[in-house]
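Trainee: Compact mmCIF, C-alpha atoms, file run.txt:
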# COMPACT_ATOMS: atom_id res chain seq x y z
CA MET A 12 4.49 58.39 114.91
CA GLN A 13 8.05 59.19 113.86
CA LYS A 14 7.41 57.71 110.41
CA THR A 15 4.28 59.83 110.05
CA LEU A 16 6.17 63.01 110.98
CA LEU A 17 9.02 62.11 108.64
CA LYS A 18 6.60 61.45 105.80
CA GLY A 19 4.93 64.83 106.41
CA ALA A 20 8.31 66.56 106.43
CA VAL A 21 9.26 64.91 103.15
CA LEU A 22 5.98 65.97 101.56
CA LEU A 23 6.42 69.53 102.80
CA THR A 24 10.00 69.67 101.52
CA GLY A 25 8.87 68.32 98.17
CA SER A 26 6.19 70.99 97.93
CA VAL A 27 8.68 73.76 98.67
CA LEU A 28 11.14 72.41 96.11
CA SER A 29 8.40 72.08 93.51
CA ALA A 30 7.29 75.66 94.05
CA THR A 31 10.89 76.81 93.72
CA ALA A 32 11.47 74.73 90.60
CA PHE A 33 8.52 76.31 88.79
CA ALA A 34 9.67 79.89 89.52
CA ASP A 35 10.95 81.19 86.19
CA TYR A 36 10.43 83.75 83.44
CA ILE A 37 6.85 84.40 82.43
CA THR A 38 5.87 85.11 78.82
CA LEU A 39 4.06 88.45 78.68
CA ASN A 40 0.65 88.72 77.06
CA THR A 41 0.28 90.37 73.66
CA SER A 42 -3.54 90.34 73.52
CA GLY A 43 -6.59 89.49 75.59
CA PRO A 44 -8.20 91.03 78.64
CA LEU A 45 -5.10 90.99 80.87
CA VAL A 46 -2.33 93.43 80.01
CA MET A 47 -0.36 92.88 83.21
CA SER A 48 0.83 89.53 84.57
CA SER A 49 1.33 89.01 88.29
CA CYS A 50 4.69 88.06 89.79
CA SER A 51 3.21 87.79 93.28
CA PRO A 52 3.62 85.99 95.59
CA THR A 53 7.38 85.50 95.66
CA PRO A 54 9.13 83.55 94.14
CA THR A 55 6.92 83.83 91.03
CA CYS A 56 9.00 85.08 88.06
CA ARG A 57 12.28 84.68 89.98
CA VAL A 58 14.82 83.10 87.65
CA ARG A 59 17.52 82.22 90.19
CA ILE A 60 17.32 81.60 93.92
CA LEU A 61 20.70 82.73 95.27
CA PRO A 62 21.39 86.48 95.27
CA GLY A 63 23.38 87.80 92.31
CA SER A 64 22.89 89.53 89.00
CA ASN A 65 23.57 87.11 86.14
CA PRO A 66 20.34 85.56 84.77
CA GLY A 67 22.15 82.22 84.68
CA GLY A 68 24.59 81.01 82.02
CA TYR A 69 24.72 84.34 80.19
CA LEU A 70 27.67 86.44 79.02
CA LEU A 71 27.68 90.07 80.14
CA LEU A 72 28.08 92.31 77.09
CA ALA A 73 27.59 95.81 78.48
CA ALA A 74 26.93 97.62 81.75
CA ARG A 75 26.21 101.22 82.65
CA LYS A 76 25.08 103.32 85.59
CA THR A 77 23.20 106.64 85.47
CA PRO A 78 22.38 108.92 88.39
CA ILE A 79 18.72 109.81 89.00
CA VAL A 80 18.60 113.59 89.41
CA VAL A 81 15.45 115.46 90.45
CA ASN A 82 15.52 119.23 91.12
CA ALA A 83 19.33 119.09 90.91
CA VAL A 84 19.42 116.47 93.71
CA THR A 85 20.77 112.96 93.13
CA VAL A 86 18.05 110.69 94.52
CA GLY A 87 19.42 107.37 93.30
CA LYS A 88 20.76 105.54 90.28
CA VAL A 89 19.67 103.33 87.41
CA LEU A 90 21.77 100.26 86.61
CA ASP A 91 21.44 98.95 83.05
CA ARG A 92 22.85 95.71 81.63
CA VAL A 93 22.62 93.43 78.66
CA TRP A 94 23.55 89.74 78.58
CA LYS A 95 23.62 87.17 75.78
CA LYS A 96 23.16 83.41 75.93
CA PRO A 97 26.29 81.96 74.27
CA PHE A 98 25.77 80.48 70.78
CA THR A 99 22.17 81.76 70.61
CA ASN A 100 20.33 84.96 69.67
CA THR A 101 18.74 85.20 73.14
CA TYR A 102 19.41 88.43 75.03
CA VAL A 103 18.47 89.68 78.48
CA PHE A 104 18.06 93.41 79.09
CA ALA A 105 18.12 94.25 82.78
CA THR A 106 17.28 97.22 84.97
CA ARG A 107 17.92 97.86 88.63
CA VAL A 108 16.82 101.03 90.43
CA ILE A 109 18.30 102.19 93.73
CA LEU A 110 16.75 105.13 95.59
CA ASN A 111 18.16 106.99 98.59
CA ASP A 112 16.54 109.20 101.21
CA GLU A 113 17.83 112.55 99.93
CA ASP A 114 15.38 115.45 100.17
CA TRP A 115 14.72 116.50 96.55
CA GLY A 116 12.71 119.56 97.60
CA ASN A 117 9.44 118.08 98.90
CA GLY A 118 10.69 116.95 102.30
CA VAL A 119 10.35 113.23 101.55
CA PRO A 120 12.40 110.64 99.62
CA TYR A 121 11.63 110.25 95.91
CA GLU A 122 9.35 107.43 94.77
CA VAL A 123 9.14 105.34 91.60
CA ASP A 124 5.98 103.39 90.75
CA ASP A 125 6.71 101.98 87.28
CA ILE A 126 9.91 101.07 85.44
CA PHE A 127 9.66 100.89 81.64
CA ARG A 128 12.04 99.45 79.02
CA SER A 129 11.44 100.25 75.36
CA GLY A 130 12.56 99.16 71.90
CA PHE A 131 11.24 95.61 71.62
CA SER A 132 9.90 93.92 68.50
CA THR A 133 6.14 93.55 68.18
CA THR A 134 6.63 90.04 66.77
CA ALA A 135 9.33 88.60 69.06
CA ASP A 136 8.47 86.63 72.18
CA VAL A 137 9.18 88.66 75.30
CA SER A 138 9.36 87.27 78.82
CA ALA A 139 10.06 88.85 82.18
CA GLY A 140 11.76 87.73 85.37
CA TRP A 141 13.82 88.96 88.28
CA ARG A 142 16.77 88.08 90.48
CA ASN A 143 17.70 89.79 93.72
CA ALA A 144 21.27 91.03 94.09
CA ARG A 145 20.73 91.58 97.80
CA VAL A 146 18.55 89.73 100.27
CA SER A 147 16.27 92.75 100.74
CA ASP A 148 15.81 93.65 97.06
CA GLN A 149 12.24 94.30 95.94
CA PRO A 150 10.85 91.74 93.46
CA ILE A 151 8.52 92.50 90.55
CA ASP A 152 4.88 92.98 91.47
CA GLN A 153 3.42 92.97 87.93
CA ALA A 154 4.82 93.06 84.40
CA GLY A 155 3.22 93.67 81.02
CA ARG A 156 3.74 94.98 77.50
CA THR A 157 2.35 98.47 77.92
CA SER A 158 3.57 102.06 78.11
CA VAL A 159 0.79 103.10 80.53
CA GLY A 160 1.79 103.40 84.17
CA LEU A 161 -0.10 103.87 87.40
CA ASN A 162 -2.74 106.67 87.16
CA GLU A 163 -1.88 107.32 83.49
CA GLY A 164 -5.20 105.94 82.24
CA THR A 165 -6.49 102.58 81.03
CA LYS A 166 -3.70 100.14 80.36
CA THR A 167 -3.53 99.19 76.69
CA PHE A 168 -1.02 97.01 74.90
CA ASP A 169 2.17 98.55 73.55
CA LEU A 170 4.27 95.62 72.39
CA THR A 171 7.40 97.73 72.03
CA THR A 172 7.53 98.46 75.77
CA VAL A 173 7.76 96.38 78.95
CA ASN A 174 6.29 97.85 82.13
CA PHE A 175 7.41 96.67 85.56
CA TYR A 176 4.94 97.86 88.18
CA SER A 177 6.62 97.69 91.56
CA PRO A 178 6.28 100.78 93.79
CA LEU A 179 9.71 101.66 95.15
CA PHE A 180 10.25 104.09 98.03
CA VAL A 181 12.38 104.50 101.14
CA GLN A 182 9.97 103.66 103.95
CA ILE A 183 11.97 105.16 106.83
CA ALA A 184 14.45 107.92 106.09
CA GLU A 185 17.54 107.49 108.27
CA GLU A 186 20.80 109.36 108.61
CA GLY A 187 23.98 107.70 107.50
CA GLY A 188 22.59 106.17 104.31
CA GLY A 189 25.05 107.84 101.95
CA ASP A 190 25.05 106.69 98.33
CA ASP A 191 27.58 103.92 97.77
CA ASP A 192 28.98 104.50 94.29
CA ASP A 193 29.47 101.00 93.06
CA ASP A 194 29.16 98.32 90.40
CA ASP A 195 28.66 94.57 90.48
CA ASP A 196 31.79 92.54 89.74
CA GLU A 197 30.03 89.18 90.08
CA GLU A 198 30.61 88.38 86.40
CA GLY A 199 34.38 88.65 86.69
CA SER A 200 34.19 90.87 83.60
CA ALA A 201 36.49 93.67 82.52
CA LEU A 202 33.32 95.67 81.90
CA ILE A 203 32.93 96.16 85.63
CA ASP A 204 35.97 97.33 87.52
CA GLU A 205 34.60 98.38 90.89
CA GLU A 206 32.99 96.50 93.72
CA ASP A 207 29.41 97.50 94.41
CA GLU A 208 28.17 97.54 97.99
CA ASP A 209 24.65 97.62 96.56
CA GLU A 210 25.25 94.34 94.73
CA THR A 211 26.18 92.15 97.68
CA ALA A 212 23.88 89.73 99.50
CA ALA A 213 23.86 91.87 102.65
CA THR A 214 20.65 93.45 103.87
CA GLY A 215 21.87 96.93 102.98
CA SER A 216 22.65 100.31 104.43
CA PRO A 217 19.92 102.51 105.92
CA GLY A 218 18.25 105.22 103.90
CA LYS A 219 18.04 103.20 100.66
CA VAL A 220 15.65 100.96 98.82
CA ARG A 221 16.67 98.71 95.93
CA SER A 222 14.76 96.87 93.26
CA ALA A 223 15.90 93.44 92.22
CA TRP A 224 17.33 93.03 88.74
CA TYR A 225 14.30 93.22 86.45
CA PHE A 226 14.92 91.09 83.34
CA VAL A 227 13.43 91.25 79.84
CA ARG A 228 14.38 88.17 77.81
CA THR A 229 13.93 88.23 74.03
CA THR A 230 15.46 87.19 70.72
CA ALA A 231 17.37 89.82 68.76
CA SER A 232 20.26 90.25 66.33
CA GLY A 233 22.19 92.52 68.68
CA PHE A 234 21.92 95.64 70.83
CA GLN A 235 22.78 99.32 70.81
CA LEU A 236 22.79 102.29 73.16
CA GLY A 237 19.82 104.58 72.53
CA ALA A 238 17.91 107.50 74.00
CA ASN A 239 14.80 107.04 76.15
CA ALA A 240 15.37 103.31 76.57
CA VAL A 241 14.35 103.45 80.24
CA ARG A 242 11.54 105.50 81.82
CA LEU A 243 10.88 105.87 85.54
CA TRP A 244 7.36 106.99 86.44
CA ASN A 245 6.31 108.61 89.70
CA ALA A 246 2.51 108.51 89.75
CA GLY A 247 2.18 111.06 92.57
CA GLU A 248 0.66 108.48 94.91
CA GLY A 249 2.73 109.23 98.00
CA GLU A 250 2.82 112.24 100.28
CA GLY A 251 4.89 115.04 98.81
CA GLN A 252 5.13 113.34 95.41
CA GLU A 253 4.08 114.71 92.04
CA PRO A 254 3.51 112.88 88.73
CA ARG A 255 6.75 112.89 86.76
CA SER A 256 8.52 110.87 84.09
CA LEU A 257 12.30 110.55 84.04
CA TYR A 258 13.93 109.25 80.84
CA PHE A 259 17.34 107.58 80.52
CA SER A 260 19.53 106.36 77.71
CA GLY A 261 20.04 102.62 77.81
CA TYR A 262 20.53 99.43 75.86
CA LEU A 263 18.03 98.58 73.12
CA PRO A 264 17.71 95.38 71.09
CA THR A 265 18.38 95.46 67.34
CA TYR A 266 16.58 93.24 64.86
Can you give me the file's structure in the form of structure tokens?

Mentor:
Amino acid sequence: MQKTLLKGAVLLTGSVLSATAFADYITLNTSGPLVMSSCSPTPTCRVRILPGSNPGGYLLLAARKTPIVVNAVTVGKVLDRVWKKPFTNTYVFATRVILNDEDWGNGVPYEVDDIFRSGFSTTADVSAGWRNARVSDQPIDQAGRTSVGLNEGTKTFDLTTVNFYSPLFVQIAEEGGGDDDDDDDEEGSALIDEEDEDETAATGSPGKVRSAWYFVRTTASGFQLGANAVRLWNAGEGEGQEPRSLYFSGYLPTY
């Protein structure tokens, strides 16, 4: 009986490890009937298991943080990073969105349904993945090469743009969830000189919701800072929301 139980435990452990081992980047479609690829259930598309930000073995080249302002109210921030695999032309462009529970004029916290990154080559392979910086970070739901978000019409391919569909909203607004102004120093890089409470493995402060790091991996000759590199789309799905695009400067690949 003990041998049978032990054998079952070993098989179960092996299954869990196998499922974990196969969690990795997914190559995004460029044609065919499916524009979006699913990253559900977790850990599909997750590139590393332990919380953090580095995709794994990459050198951090640049990092920036931009406040999300709606109706003159700061409702969150966009974190933007670019990494390079040493001795290769492989780059990872990463986005992380953090929303708070501030009232931006409609009586409810702001929502984001789609996160877009632009500027990719139509001929280069592009893959997507995610890694959570905190235990409670929200993983990717779906990813695809399109510039069409929720309720914007029929999704068609746009190979220059990567769309992360992953509705992000503060479920329960609570007091005391002030915005921690912070950056991730996990890399040990001079690019980041402040500790970021939002980047730790803790479950987080109330009144906030955080996406995981959403990665776009591709080959390129370099990168540059450009306008409209990141778009956040609120599809107007939730109570008190209205359809709105917010555009941000960010890192773009060069070819």

Trainee: To one decimal place in Å, what is the distance between atom CA of A:Gln182 and atom CA of A:Ser51?

Mentor: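 Between atom CA of A:Gln182 and atom CA of A:Ser51 the gap works out to 20.3 Å.
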
Trainee: May I have a table of the residues of stretch 86-163 of chain A lying at most 12 Å from stretch 244-255 of chain A, giving each one's closest pair of atoms and their distance in Å to one decimal, counting only C-alpha atoms, ordered by chain and ascending residue number, as JSON lines?

Mentor:
{"residue": "A:Val108", "atom": "CA", "partner": "A:Trp244", "partner_atom": "CA", "distance": 11.9}
{"residue": "A:Asp114", "atom": "CA", "partner": "A:Gly251", "partner_atom": "CA", "distance": 10.6}
{"residue": "A:Trp115", "atom": "CA", "partner": "A:Gln252", "partner_atom": "CA", "distance": 10.2}
{"residue": "A:Gly116", "atom": "CA", "partner": "A:Gly251", "partner_atom": "CA", "distance": 9.1}
{"residue": "A:Asn117", "atom": "CA", "partner": "A:Gly251", "partner_atom": "CA", "distance": 5.5}
{"residue": "A:Gly118", "atom": "CA", "partner": "A:Gly251", "partner_atom": "CA", "distance": 7.0}
{"residue": "A:Val119", "atom": "CA", "partner": "A:Gly251", "partner_atom": "CA", "distance": 6.4}
{"residue": "A:Pro120", "atom": "CA", "partner": "A:Gly251", "partner_atom": "CA", "distance": 8.7}
{"residue": "A:Tyr121", "atom": "CA", "partner": "A:Gln252", "partner_atom": "CA", "distance": 7.2}
{"residue": "A:Glu122", "atom": "CA", "partner": "A:Asn245", "partner_atom": "CA", "distance": 6.0}
{"residue": "A:Val123", "atom": "CA", "partner": "A:Asn245", "partner_atom": "CA", "distance": 4.7}
{"residue": "A:Asp124", "atom": "CA", "partner": "A:Asn245", "partner_atom": "CA", "distance": 5.3}
{"residue": "A:Asp125", "atom": "CA", "partner": "A:Trp244", "partner_atom": "CA", "distance": 5.1}
{"residue": "A:Ile126", "atom": "CA", "partner": "A:Trp244", "partner_atom": "CA", "distance": 6.5}
{"residue": "A:Phe127", "atom": "CA", "partner": "A:Trp244", "partner_atom": "CA", "distance": 8.1}
{"residue": "A:Arg128", "atom": "CA", "partner": "A:Trp244", "partner_atom": "CA", "distance": 11.6}
{"residue": "A:Ser158", "atom": "CA", "partner": "A:Trp244", "partner_atom": "CA", "distance": 10.4}
{"residue": "A:Val159", "atom": "CA", "partner": "A:Trp244", "partner_atom": "CA", "distance": 9.7}
{"residue": "A:Gly160", "atom": "CA", "partner": "A:Trp244", "partner_atom": "CA", "distance": 7.0}
{"residue": "A:Leu161", "atom": "CA", "partner": "A:Ala246", "partner_atom": "CA", "distance": 5.8}
{"residue": "A:Asn162", "atom": "CA", "partner": "A:Ala246", "partner_atom": "CA", "distance": 6.1}
{"residue": "A:Glu163", "atom": "CA", "partner": "A:Ala246", "partner_atom": "CA", "distance": 7.7}

Trainee: Could you list, as a PyMOL selection string, every residue within 8 Å of A:Leu236, counting all atoms listed in the file and ignoring same-chain residues fewer than 6 positions away?

Mentor: chain A and resi 260-263

Trainee: Write a file of the just-selected residues containing C-alpha atoms, as a PDB file, keeping the file's coordinate frame.

Mentor:
ATOM      1  CA  SER A 260      19.530 106.360  77.710  1.00  0.00           C
ATOM      2  CA  GLY A 261      20.040 102.620  77.810  1.00  0.00           C
ATOM      3  CA  TYR A 262      20.530  99.430  75.860  1.00  0.00           C
ATOM      4  CA  LEU A 263      18.030  98.580  73.120  1.00  0.00           C
TER       5      LEU A 263
END

Trainee: Quick check, in Å to one decimal: how far apart do atom CA of A:Thr133 and atom CA of A:Ala74 lie?

Mentor: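 Value for the atom CA of A:Thr133-atom CA of A:Ala74 distance: 25.2 Å.
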
Trainee: Between atom CA of A:Ile151 and atom CA of A:Val81, what is the distance in Å, rounded to a tenth?

Mentor: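 Atom CA of A:Val81 lies 24.0 Å from atom CA of A:Ile151.
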
Trainee: Which residue is closest to A:Lys96? Choose from A:Ala231, A:Ala154, A:Leu70, A:Ala144 and count all atoms listed in the file.

Mentor: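 Residue with the minimum atom-to-atom distance to A:Lys96: A:Leu70.
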
Trainee: Check the smallest atom-to-atom distance from each of A:Ser42, A:Ser138, A:Asn65, A:Thr85 to A:Ala223 using all atoms listed in the file, then report the winner.

Mentor: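 Closest candidate: A:Asn65.
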
Trainee: Residues at most 6 Å from A:Val86, counting only C-alpha atoms, excluding those fewer than 4 positions away in the same chain, as a list in words?

Mentor: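 Listed by chain and then number, they are Ile79, Val80, Leu110, Asn111 and Glu113 of chain A.
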
Trainee: Go ahead and dump the residues you just picked, C-alpha atoms, as an mmCIF file, in the frame of the given file.

Mentor:
data_model
loop_
_atom_site.group_PDB
_atom_site.id
_atom_site.type_symbol
_atom_site.label_atom_id
_atom_site.label_comp_id
_atom_site.auth_asym_id
_atom_site.auth_seq_id
_atom_site.Cartn_x
_atom_site.Cartn_y
_atom_site.Cartn_z
ATOM 1 C CA ILE A 79 18.720 109.810 89.000
ATOM 2 C CA VAL A 80 18.600 113.590 89.410
ATOM 3 C CA LEU A 110 16.750 105.130 95.590
ATOM 4 C CA ASN A 111 18.160 106.990 98.590
ATOM 5 C CA GLU A 113 17.830 112.550 99.930
#

Trainee: Using only C-alpha atoms, pick whichever of A:Asp112, A:Ala34, A:Tyr176, A:Trp141 has the shortest atom-to-atom distance to A:Gly218.

Mentor: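 That would be A:Asp112, the residue with the smallest distance to A:Gly218.
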
Trainee: May I have the residues within 12 Å of A:Gly68 as a VMD selection string, using all atoms listed in the file and disregarding those fewer than 3 positions away in the same chain?

Mentor: chain A and resid 58 to 59 64 to 65 71 94 to 99 101 to 103 198

Trainee: Return the single residue from A:Gly87, A:Gly130, A:Pro264, A:Gly155 that is closest to A:Val181, with distances computed using only C-alpha atoms.

Mentor: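 Closest to A:Val181 of all the choices is A:Gly87.
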
Trainee: Pick the closest to A:Gly140 from A:Thr157, A:Thr106, A:Asn100, A:Ser256: which is it, counting only C-alpha atoms?

Mentor: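 Distance minimum relative to A:Gly140 lands on A:Thr106.
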
Trainee: Within 12 Å of A:Ser49, counting all atoms listed in the file, which residues show up once you throw out same-chain ones fewer than 4 positions away? Write them as an mmCIF file with C-alpha atoms, in the coordinates of the input, please.

Mentor:
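Final output, saved to part07.cif:
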data_model
loop_
_atom_site.group_PDB
_atom_site.id
_atom_site.type_symbol
_atom_site.label_atom_id
_atom_site.label_comp_id
_atom_site.auth_asym_id
_atom_site.auth_seq_id
_atom_site.Cartn_x
_atom_site.Cartn_y
_atom_site.Cartn_z
ATOM 1 C CA TYR A 36 10.430 83.750 83.440
ATOM 2 C CA ILE A 37 6.850 84.400 82.430
ATOM 3 C CA THR A 38 5.870 85.110 78.820
ATOM 4 C CA LEU A 39 4.060 88.450 78.680
ATOM 5 C CA ASN A 40 0.650 88.720 77.060
ATOM 6 C CA LEU A 45 -5.100 90.990 80.870
ATOM 7 C CA THR A 53 7.380 85.500 95.660
ATOM 8 C CA PRO A 54 9.130 83.550 94.140
ATOM 9 C CA THR A 55 6.920 83.830 91.030
ATOM 10 C CA CYS A 56 9.000 85.080 88.060
ATOM 11 C CA ARG A 57 12.280 84.680 89.980
ATOM 12 C CA ALA A 139 10.060 88.850 82.180
ATOM 13 C CA GLY A 140 11.760 87.730 85.370
ATOM 14 C CA PRO A 150 10.850 91.740 93.460
ATOM 15 C CA ILE A 151 8.520 92.500 90.550
ATOM 16 C CA ASP A 152 4.880 92.980 91.470
ATOM 17 C CA GLN A 153 3.420 92.970 87.930
ATOM 18 C CA ALA A 154 4.820 93.060 84.400
ATOM 19 C CA GLY A 155 3.220 93.670 81.020
ATOM 20 C CA ASN A 174 6.290 97.850 82.130
ATOM 21 C CA PHE A 175 7.410 96.670 85.560
ATOM 22 C CA TYR A 176 4.940 97.860 88.180
ATOM 23 C CA SER A 177 6.620 97.690 91.560
#

Trainee: Using all atoms listed in the file, give me every residue within 6 Å of (18.5, 90.0, 67.7) in file coordinates, as a list in words.

Mentor: Asn100, Thr230, Ala231, Ser232, Gly233, Thr265 and Tyr266 of chain A

Trainee: Show me, as JSON, the centre and edge lengths in Å to one decimal of the axis-aligned box that covers every listed atom of stretch 69-88 of chain A with 5 Å on each side.

Mentor:
{"center_x": 21.8, "center_y": 101.8, "center_z": 85.8, "size_x": 22.6, "size_y": 44.9, "size_z": 27.4}

Trainee: Taking into account only C-alpha atoms, which residue in the set A:Ser48, A:Thr134, A:Thr165, A:Arg142 is nearest to A:Trp224?

Mentor: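 Checking each candidate against A:Trp224, we get A:Arg142 as the closest.
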
Trainee: Excluding A:Ser222 and any residue of its chain fewer than 5 positions from it, enumerate the residues within 8 Å of it, using all atoms listed in the file, and give them as an NGL selection string.

Mentor: :A and (107-109 or 143 or 148-150 or 179)
